[in-house]
Amino acid sequence: MKQIKFLFLILSLLGLSACGSEVFQEPKATTNQEELPAPTPSSLPAVIKENPIKISKVDLVIDDQMFDPAIPLQLCLSDQVNIYLKLTDQQSQTYLVQNEFQGKGIQWFNFGPILFSINEAGQLTASKVGYTYLIVLHPEFGRSYLVKIWDCSLPPTPSPSPTPTVVPTSKPFPTPIVTPTPTPTEPPPPPPPVVEEDPNDSKIVTGFKVEPQLVIIGELNDHATQFYRIFSDGTQAPLNEQQKMALSFTSSDLQVAQLHKNGNISGEQSGCARIEVSWGNYHQTIYISRDLAPLEQHFDSFADRVVCFLPGAGAGFGSNKFPEIVLGSPQGGGNLGAGLNVLSLGTSGEIILESESFAFDGPGADLMVFENPFLIGGNPNNPFKELGTVSVSHNGEAFVDFACDADNAALLYPGCAGVHPVQANPNNNIDPTDPNVAGGDAFDLNQVGVGSIKFVKITDLDNGGGGGAAGFDLDAVSFRYLE
């Protein structure tokens with residue numbers, strides 16, 4: 001962010017150390033440098049509504065007039081004015097912005113003494129006399145404006161005249177000089193924090209990410225969350241302190257985990273939480289697992305531990321055998337019989353599994369996911385399916401999704417899990433790692449550009465159901481090539 005250097009000029013121009021003795025003439029809310037038409041939503045190009053603006057210049061507009069930042073904004077008590085921003089992008093196009101952009105990364109608020117309020121429509125109401133700041137934030141810029149609010153119904157207070165010295169006449173000792181008591185004044189608020197100039201501010205932001213996307217408290221990447229901007233040239237840089245002010249978080253379970261703007265994590269209860277992170281127009285999901293059971297058992301070629309389970313609505317079937325029910329070998333029921341050794345994830349439920357050893361990319365399919373679909377009437381083109389998406393991660397830093405075409409019934413939903421019946425079962429000696437005979441749904445790590453993985457995430461695709469059996473029914477996960 002650029003340094004807000006004009007604040008120091010403002011403070012010196014105002015003489016804030018003696019601001020209570022100033023005599024102001026008729027108050028003005030704005031200067032009259034440039035007249036602007038009232039903004040309307042129709043004046044904003046559709047592309048601006050869908051994408052963040054790449055800002056090169058920001059001006060403040062009060063009602064229909066430009067505001068000069070070289071002088072304080074003076075308002076009368078109870079004044080109501082409409083605030084807009086005039087944004088100039090890197091192609092020199094200008095846009096008037098008000099409440100429509102509250103969801104696009106622009107925020108404004110009172111910094112210092114709370115002397116005014118701003119509603120969602122961008123209307124500022126002065127409520128108390130004194131000095132404060134109006135702060136405007138966007139992921140690509142930050143601005144502050146000094147505001148003075150005073151009671152315009154009171155006449156100007158003249159500067160007090162000193163009491164003259166009394167010259168003695170008949171008394172042997174002179175009368176002491178009386179010094180007038182200065183009128184108490186309200187000190188101005190402290191200036192907002194100054195952020196060092198960021199050389200990346202001139203770059204175009206095209207993305208945002210949080211790392212790691214999986215945090216296992218006490219084991220993996222403990223309390224090491226970082227937030228990054230991604231630029232059009234492919235580089236990235238951490239958010240600075242002022243940019244972090246625009247972050248917001250939503251936790252699926254506040255008792256398990258809360259994420260803070262400094263990257264720290266707090267929480268008290270055991271379990272797993274999904275954190276939705278937003279920064280302007282960008283969003284990302286991360287998972288935090290607390291007090292996870294140690295990774296002690298090892299199943300050759302299969303998942304060894306459940307890192308996180310976030311059941312959706314209607315989950316419950318198989319929970320009496322959790323977590324062992326999804327670890328180890330699949331117990332398929334063949335083309336016509338749905339296996340019952342499964343865990344129902346529930347509608348939109350999620351589960352993350354871990355392998356003790358790294359599974360790596362080899363010839364052909366590398367990963368098998370087993371659900372319990374069956375063929376209706378024995379027709380291989382008409383499965384009873386409950387679809388899910390599959391994501392993989394090398395070390396929990398980032399998950400990569402396999403593309404699931406959930407609307408392509410003609411090709412049997414390529415890239416999705418939960419489509420093909422499971423043939424492998426401990427009783428029939430079918431190899432559960434061989435995609436040619438095992439059944440289930442096969443995935444090739446080469447398709448997503450990942451060389452090796454330890455974590456697999458499965459997410460239900462809004463499958464319904466009742467009786468605690470809603471959603472994707474997970475039987476097992478197998479790995480064809482292990483280190």
# chains A, B, ... in the order shown; residues from 1 in each chain; ligands from 1
>>> select_by_dssp(residues="range 238-331 of chain A", states="alpha helix (DSSP H)", output="PDB file with all heavy atoms, in the first residue's frame")
ATOM      1  N   GLU A 241      -0.047  -5.833   6.166  1.00  0.00           N
ATOM      2  CA  GLU A 241      -0.938  -5.696   7.323  1.00  0.00           C
ATOM      3  C   GLU A 241      -2.210  -4.937   6.974  1.00  0.00           C
ATOM      4  O   GLU A 241      -3.293  -5.258   7.477  1.00  0.00           O
ATOM      5  CB  GLU A 241      -0.199  -4.999   8.475  1.00  0.00           C
ATOM      6  CG  GLU A 241       0.942  -5.817   9.049  1.00  0.00           C
ATOM      7  CD  GLU A 241       0.490  -7.201   9.491  1.00  0.00           C
ATOM      8  OE1 GLU A 241      -0.538  -7.298  10.184  1.00  0.00           O
ATOM      9  OE2 GLU A 241       1.159  -8.187   9.135  1.00  0.00           O
ATOM     10  N   GLN A 242      -2.122  -3.920   6.122  1.00  0.00           N
ATOM     11  CA  GLN A 242      -3.313  -3.162   5.771  1.00  0.00           C
ATOM     12  C   GLN A 242      -4.234  -3.983   4.871  1.00  0.00           C
ATOM     13  O   GLN A 242      -5.455  -3.942   5.012  1.00  0.00           O
ATOM     14  CB  GLN A 242      -2.931  -1.845   5.082  1.00  0.00           C
ATOM     15  CG  GLN A 242      -4.122  -0.905   4.892  1.00  0.00           C
ATOM     16  CD  GLN A 242      -3.686   0.504   4.589  1.00  0.00           C
ATOM     17  OE1 GLN A 242      -2.498   0.795   4.544  1.00  0.00           O
ATOM     18  NE2 GLN A 242      -4.638   1.387   4.387  1.00  0.00           N
ATOM     19  N   GLN A 243      -3.672  -4.767   3.962  1.00  0.00           N
ATOM     20  CA  GLN A 243      -4.494  -5.615   3.108  1.00  0.00           C
ATOM     21  C   GLN A 243      -5.209  -6.692   3.916  1.00  0.00           C
ATOM     22  O   GLN A 243      -6.327  -7.099   3.582  1.00  0.00           O
ATOM     23  CB  GLN A 243      -3.623  -6.246   2.025  1.00  0.00           C
ATOM     24  CG  GLN A 243      -3.133  -5.250   0.989  1.00  0.00           C
ATOM     25  CD  GLN A 243      -1.987  -5.794   0.147  1.00  0.00           C
ATOM     26  OE1 GLN A 243      -1.346  -6.778   0.510  1.00  0.00           O
ATOM     27  NE2 GLN A 243      -1.709  -5.133  -0.964  1.00  0.00           N
ATOM     28  N   LYS A 244      -4.590  -7.163   5.002  1.00  0.00           N
ATOM     29  CA  LYS A 244      -5.222  -8.184   5.833  1.00  0.00           C
ATOM     30  C   LYS A 244      -6.489  -7.673   6.521  1.00  0.00           C
ATOM     31  O   LYS A 244      -7.341  -8.480   6.916  1.00  0.00           O
ATOM     32  CB  LYS A 244      -4.237  -8.686   6.896  1.00  0.00           C
ATOM     33  CG  LYS A 244      -3.118  -9.554   6.338  1.00  0.00           C
ATOM     34  CD  LYS A 244      -2.169 -10.005   7.441  1.00  0.00           C
ATOM     35  CE  LYS A 244      -1.017 -10.834   6.885  1.00  0.00           C
ATOM     36  NZ  LYS A 244      -0.082 -11.251   7.957  1.00  0.00           N
TER      37      LYS A 244
END
>>> residues_around(residues="Ser452 in chain A", least_positions_apart="3", cutoff="6 Å", atoms="only C-alpha atoms", output="PyMOL selection string")
chain A and resi 359-361+394
>>> atom_distance(atom1="CA of Ala398 in chain A", atom2="CA of Phe249 in chain A")
18.3 Å
>>> closest_residue(among="A:Ser153, A:Asp473, A:Ile83, A:Phe116", to="Val136 in chain A", atoms="only C-alpha atoms")
A:Ile83
>>> select_by_dssp(residues="range 333-453 of chain A", states="strand (DSSP E)", output="JSON, numbers by chain")
{"A": [343, 344, 350, 351, 352, 353, 354, 355, 356, 357, 358, 359, 360, 367, 368, 369, 370, 374, 375, 383, 384, 388, 389, 390, 391, 392, 393, 400, 401, 441, 442, 443, 452, 453]}
>>> write_last_selection(atoms="N, CA, C and O atoms", output="CSV table (one decimal), in the first residue's frame")
chain,number,residue,atom,x,y,z
A,343,LEU,N,-19.7,-45.6,4.9
A,343,LEU,CA,-20.0,-44.4,5.8
A,343,LEU,C,-20.7,-43.4,4.9
A,343,LEU,O,-20.2,-43.0,3.9
A,344,SER,N,-21.9,-43.0,5.3
A,344,SER,CA,-22.7,-42.0,4.5
A,344,SER,C,-22.2,-40.6,4.9
A,344,SER,O,-22.2,-40.3,6.1
A,350,GLU,N,-18.1,-33.9,3.7
A,350,GLU,CA,-16.7,-34.0,3.2
A,350,GLU,C,-15.9,-34.9,4.1
A,350,GLU,O,-16.2,-34.9,5.4
A,351,ILE,N,-14.9,-35.6,3.6
A,351,ILE,CA,-14.0,-36.4,4.4
A,351,ILE,C,-12.6,-36.3,3.8
A,351,ILE,O,-12.4,-36.3,2.5
A,352,ILE,N,-11.6,-36.2,4.6
A,352,ILE,CA,-10.2,-36.2,4.2
A,352,ILE,C,-9.5,-37.4,4.8
A,352,ILE,O,-9.5,-37.6,6.0
A,353,LEU,N,-8.9,-38.2,3.9
A,353,LEU,CA,-8.2,-39.4,4.4
A,353,LEU,C,-6.7,-39.2,4.1
A,353,LEU,O,-6.2,-38.5,3.2
A,354,GLU,N,-5.9,-40.0,4.9
A,354,GLU,CA,-4.4,-39.8,4.8
A,354,GLU,C,-3.8,-41.2,4.7
A,354,GLU,O,-4.2,-42.2,5.3
A,355,SER,N,-2.7,-41.3,3.9
A,355,SER,CA,-1.9,-42.5,3.8
A,355,SER,C,-0.6,-42.2,4.5
A,355,SER,O,0.0,-41.1,4.4
A,356,GLU,N,-0.1,-43.2,5.3
A,356,GLU,CA,1.1,-43.1,6.0
A,356,GLU,C,2.3,-42.9,5.0
A,356,GLU,O,3.2,-42.2,5.3
A,357,SER,N,2.2,-43.6,3.9
A,357,SER,CA,3.3,-43.5,2.9
A,357,SER,C,2.8,-42.7,1.7
A,357,SER,O,1.6,-42.5,1.5
A,358,PHE,N,3.7,-42.1,1.0
A,358,PHE,CA,3.4,-41.4,-0.2
A,358,PHE,C,2.9,-42.3,-1.3
A,358,PHE,O,3.6,-43.3,-1.6
A,359,ALA,N,1.8,-42.0,-2.0
A,359,ALA,CA,1.4,-42.7,-3.2
A,359,ALA,C,1.9,-41.9,-4.4
A,359,ALA,O,1.7,-40.6,-4.4
A,360,PHE,N,2.4,-42.5,-5.4
A,360,PHE,CA,3.0,-41.7,-6.4
A,360,PHE,C,2.4,-42.1,-7.8
A,360,PHE,O,1.7,-43.1,-7.9
A,367,LEU,N,-5.1,-44.2,-8.2
A,367,LEU,CA,-5.9,-44.0,-7.1
A,367,LEU,C,-7.3,-44.6,-7.4
A,367,LEU,O,-7.9,-44.4,-8.4
A,368,MET,N,-7.8,-45.4,-6.4
A,368,MET,CA,-9.2,-46.0,-6.6
A,368,MET,C,-10.1,-45.5,-5.4
A,368,MET,O,-9.6,-45.5,-4.3
A,369,VAL,N,-11.3,-45.0,-5.8
A,369,VAL,CA,-12.3,-44.6,-4.8
A,369,VAL,C,-13.5,-45.5,-4.9
A,369,VAL,O,-14.0,-45.7,-6.0
A,370,PHE,N,-13.9,-46.1,-3.8
A,370,PHE,CA,-15.0,-47.1,-3.8
A,370,PHE,C,-16.2,-46.6,-3.0
A,370,PHE,O,-16.1,-46.2,-1.9
A,374,PHE,N,-24.8,-49.6,-7.8
A,374,PHE,CA,-25.2,-50.9,-8.4
A,374,PHE,C,-25.9,-50.6,-9.7
A,374,PHE,O,-26.3,-49.5,-10.0
A,375,LEU,N,-26.0,-51.6,-10.6
A,375,LEU,CA,-26.6,-51.4,-11.9
A,375,LEU,C,-28.1,-51.7,-11.9
A,375,LEU,O,-28.5,-52.8,-11.4
A,383,PRO,N,-26.4,-46.9,-13.9
A,383,PRO,CA,-26.1,-47.2,-12.5
A,383,PRO,C,-26.9,-46.4,-11.6
A,383,PRO,O,-27.3,-45.3,-11.9
A,384,PHE,N,-27.2,-47.0,-10.4
A,384,PHE,CA,-27.7,-46.2,-9.3
A,384,PHE,C,-26.5,-45.6,-8.6
A,384,PHE,O,-25.7,-46.3,-8.0
A,388,GLY,N,-19.6,-38.0,-6.1
A,388,GLY,CA,-18.7,-37.2,-5.3
A,388,GLY,C,-17.5,-36.7,-6.1
A,388,GLY,O,-17.2,-37.3,-7.1
A,389,THR,N,-16.9,-35.6,-5.6
A,389,THR,CA,-15.7,-35.1,-6.3
A,389,THR,C,-14.5,-35.6,-5.4
A,389,THR,O,-14.6,-35.8,-4.2
A,390,VAL,N,-13.4,-35.7,-6.1
A,390,VAL,CA,-12.1,-36.2,-5.5
A,390,VAL,C,-11.0,-35.1,-5.7
A,390,VAL,O,-10.9,-34.6,-6.8
A,391,SER,N,-10.3,-34.8,-4.5
A,391,SER,CA,-9.2,-33.9,-4.5
A,391,SER,C,-8.0,-34.5,-3.9
A,391,SER,O,-8.2,-35.4,-3.0
A,392,VAL,N,-6.8,-34.2,-4.3
A,392,VAL,CA,-5.6,-34.8,-3.7
A,392,VAL,C,-4.6,-33.7,-3.3
A,392,VAL,O,-4.6,-32.6,-3.8
A,393,SER,N,-3.8,-34.1,-2.4
A,393,SER,CA,-2.7,-33.1,-1.9
A,393,SER,C,-1.5,-33.9,-1.5
A,393,SER,O,-1.5,-35.0,-1.0
A,400,VAL,N,-5.7,-30.3,-5.1
A,400,VAL,CA,-6.0,-30.2,-6.5
A,400,VAL,C,-7.2,-31.1,-6.8
A,400,VAL,O,-7.3,-32.2,-6.4
A,401,ASP,N,-8.2,-30.5,-7.5
A,401,ASP,CA,-9.5,-31.2,-7.8
A,401,ASP,C,-9.4,-32.0,-9.1
A,401,ASP,O,-8.9,-31.4,-10.1
A,441,ASP,N,-14.0,-46.4,-8.9
A,441,ASP,CA,-13.7,-45.3,-9.9
A,441,ASP,C,-12.2,-45.0,-9.8
A,441,ASP,O,-11.7,-44.7,-8.7
A,442,ALA,N,-11.5,-45.0,-10.9
A,442,ALA,CA,-10.1,-44.8,-11.0
A,442,ALA,C,-9.7,-43.4,-11.3
A,442,ALA,O,-10.3,-42.8,-12.1
A,443,PHE,N,-8.5,-43.0,-10.8
A,443,PHE,CA,-8.0,-41.6,-11.0
A,443,PHE,C,-6.5,-41.7,-11.3
A,443,PHE,O,-5.8,-42.4,-10.6
A,452,SER,N,3.1,-37.0,-6.4
A,452,SER,CA,2.8,-37.9,-5.3
A,452,SER,C,1.9,-37.3,-4.3
A,452,SER,O,1.8,-36.0,-4.2
A,453,ILE,N,1.2,-38.1,-3.5
A,453,ILE,CA,0.1,-37.6,-2.6
A,453,ILE,C,0.2,-38.4,-1.3
A,453,ILE,O,0.6,-39.5,-1.2
>>> atom_distance(atom1="CA of Tyr145 in chain A", atom2="CA of Leu247 in chain A")
21.8 Å
>>> atom_distance(atom1="CA of Lys86 in chain A", atom2="CA of Arg229 in chain A")
24.1 Å
>>> residues_around(residues="Ala406 in chain A", least_positions_apart="6", cutoff="9 Å", atoms="only C-alpha atoms", output="PyMOL selection string")
chain A and resi 387-388+412-416+461
>>> residues_around(residues="Asp63 in chain A", least_positions_apart="5", cutoff="8 Å", atoms="only C-alpha atoms", output="PyMOL selection string")
chain A and resi 38+81-84
>>> closest_residue(among="A:Pro421, A:Pro363, A:Pro72, A:Gly451", to="Ala438 in chain A", atoms="only C-alpha atoms")
A:Pro421
>>> residues_around(residues="range 263-279 of chain A", least_positions_apart="2", cutoff="8 Å", atoms="only C-alpha atoms", output="MDAnalysis selection string")
chainID A and resid 105 139 208 223:227 246:261 281:292 308:310
>>> residues_around(residues="Asn395 in chain A", least_positions_apart="2", cutoff="9 Å", atoms="only C-alpha atoms", output="number ranges by chain")
A: 212, 214, 220, 393, 397-399, 453-455
>>> write_last_selection(atoms="N, CA, C and O atoms", output="compact mmCIF listing (two decimals), in the first residue's frame")
# COMPACT_ATOMS: atom_id res chain seq x y z
N PRO A 212 -1.26 -23.24 4.68
CA PRO A 212 -1.71 -24.47 4.03
C PRO A 212 -3.24 -24.55 4.00
O PRO A 212 -3.91 -23.87 4.76
N LEU A 214 -4.68 -27.39 4.66
CA LEU A 214 -4.97 -28.35 5.72
C LEU A 214 -4.00 -28.11 6.85
O LEU A 214 -2.79 -28.10 6.66
N LEU A 220 1.12 -31.00 11.62
CA LEU A 220 1.44 -30.53 10.28
C LEU A 220 1.16 -29.04 10.15
O LEU A 220 0.03 -28.60 10.34
N SER A 393 -3.75 -34.06 -2.37
CA SER A 393 -2.72 -33.13 -1.91
C SER A 393 -1.46 -33.90 -1.55
O SER A 393 -1.53 -34.99 -0.96
N GLU A 397 -0.50 -28.61 1.80
CA GLU A 397 -0.36 -27.19 1.45
C GLU A 397 -1.49 -26.75 0.53
O GLU A 397 -2.04 -25.67 0.67
N ALA A 398 -1.81 -27.58 -0.47
CA ALA A 398 -2.86 -27.23 -1.43
C ALA A 398 -3.49 -28.51 -1.97
O ALA A 398 -2.80 -29.51 -2.18
N PHE A 399 -4.82 -28.49 -2.17
CA PHE A 399 -5.54 -29.60 -2.77
C PHE A 399 -5.81 -29.28 -4.24
O PHE A 399 -6.11 -28.14 -4.60
N ILE A 453 1.16 -38.09 -3.51
CA ILE A 453 0.14 -37.57 -2.58
C ILE A 453 0.16 -38.36 -1.28
O ILE A 453 0.63 -39.50 -1.21
N LYS A 454 -0.37 -37.72 -0.24
CA LYS A 454 -0.65 -38.39 1.03
C LYS A 454 -2.10 -38.21 1.45
O LYS A 454 -2.59 -38.96 2.31
N PHE A 455 -2.79 -37.19 0.89
CA PHE A 455 -4.14 -36.86 1.34
C PHE A 455 -5.13 -36.94 0.18
O PHE A 455 -4.84 -36.52 -0.94
>>> residues_around(residues="Gln331 in chain A", least_positions_apart="5", cutoff="9 Å", atoms="only C-alpha atoms", output="list in words")
Gly339, Leu340, Asn341, Val342, Phe370, Val422, Gln423, Ala424, Asn425, Pro426, Asn427, Asp475 and Ala476 of chain A
>>> write_last_selection(atoms="C-alpha atoms", output="JSON list (two decimals), in the first residue's frame")
[["chain", "number", "residue", "atom", "x", "y", "z"],
["A", 339, "GLY", "CA", -22.19, -53.04, -0.22],
["A", 340, "LEU", "CA", -23.20, -52.03, 3.31],
["A", 341, "ASN", "CA", -19.73, -51.58, 4.82],
["A", 342, "VAL", "CA", -19.90, -47.85, 4.07],
["A", 370, "PHE", "CA", -14.97, -47.12, -3.80],
["A", 422, "VAL", "CA", -17.29, -52.34, -6.55],
["A", 423, "GLN", "CA", -16.11, -55.88, -7.34],
["A", 424, "ALA", "CA", -13.19, -56.22, -4.88],
["A", 425, "ASN", "CA", -13.97, -57.94, -1.58],
["A", 426, "PRO", "CA", -11.72, -59.79, 0.91],
["A", 427, "ASN", "CA", -13.73, -62.94, 0.16],
["A", 475, "ASP", "CA", -16.38, -47.79, 1.32],
["A", 476, "ALA", "CA", -12.60, -47.40, 0.90]]
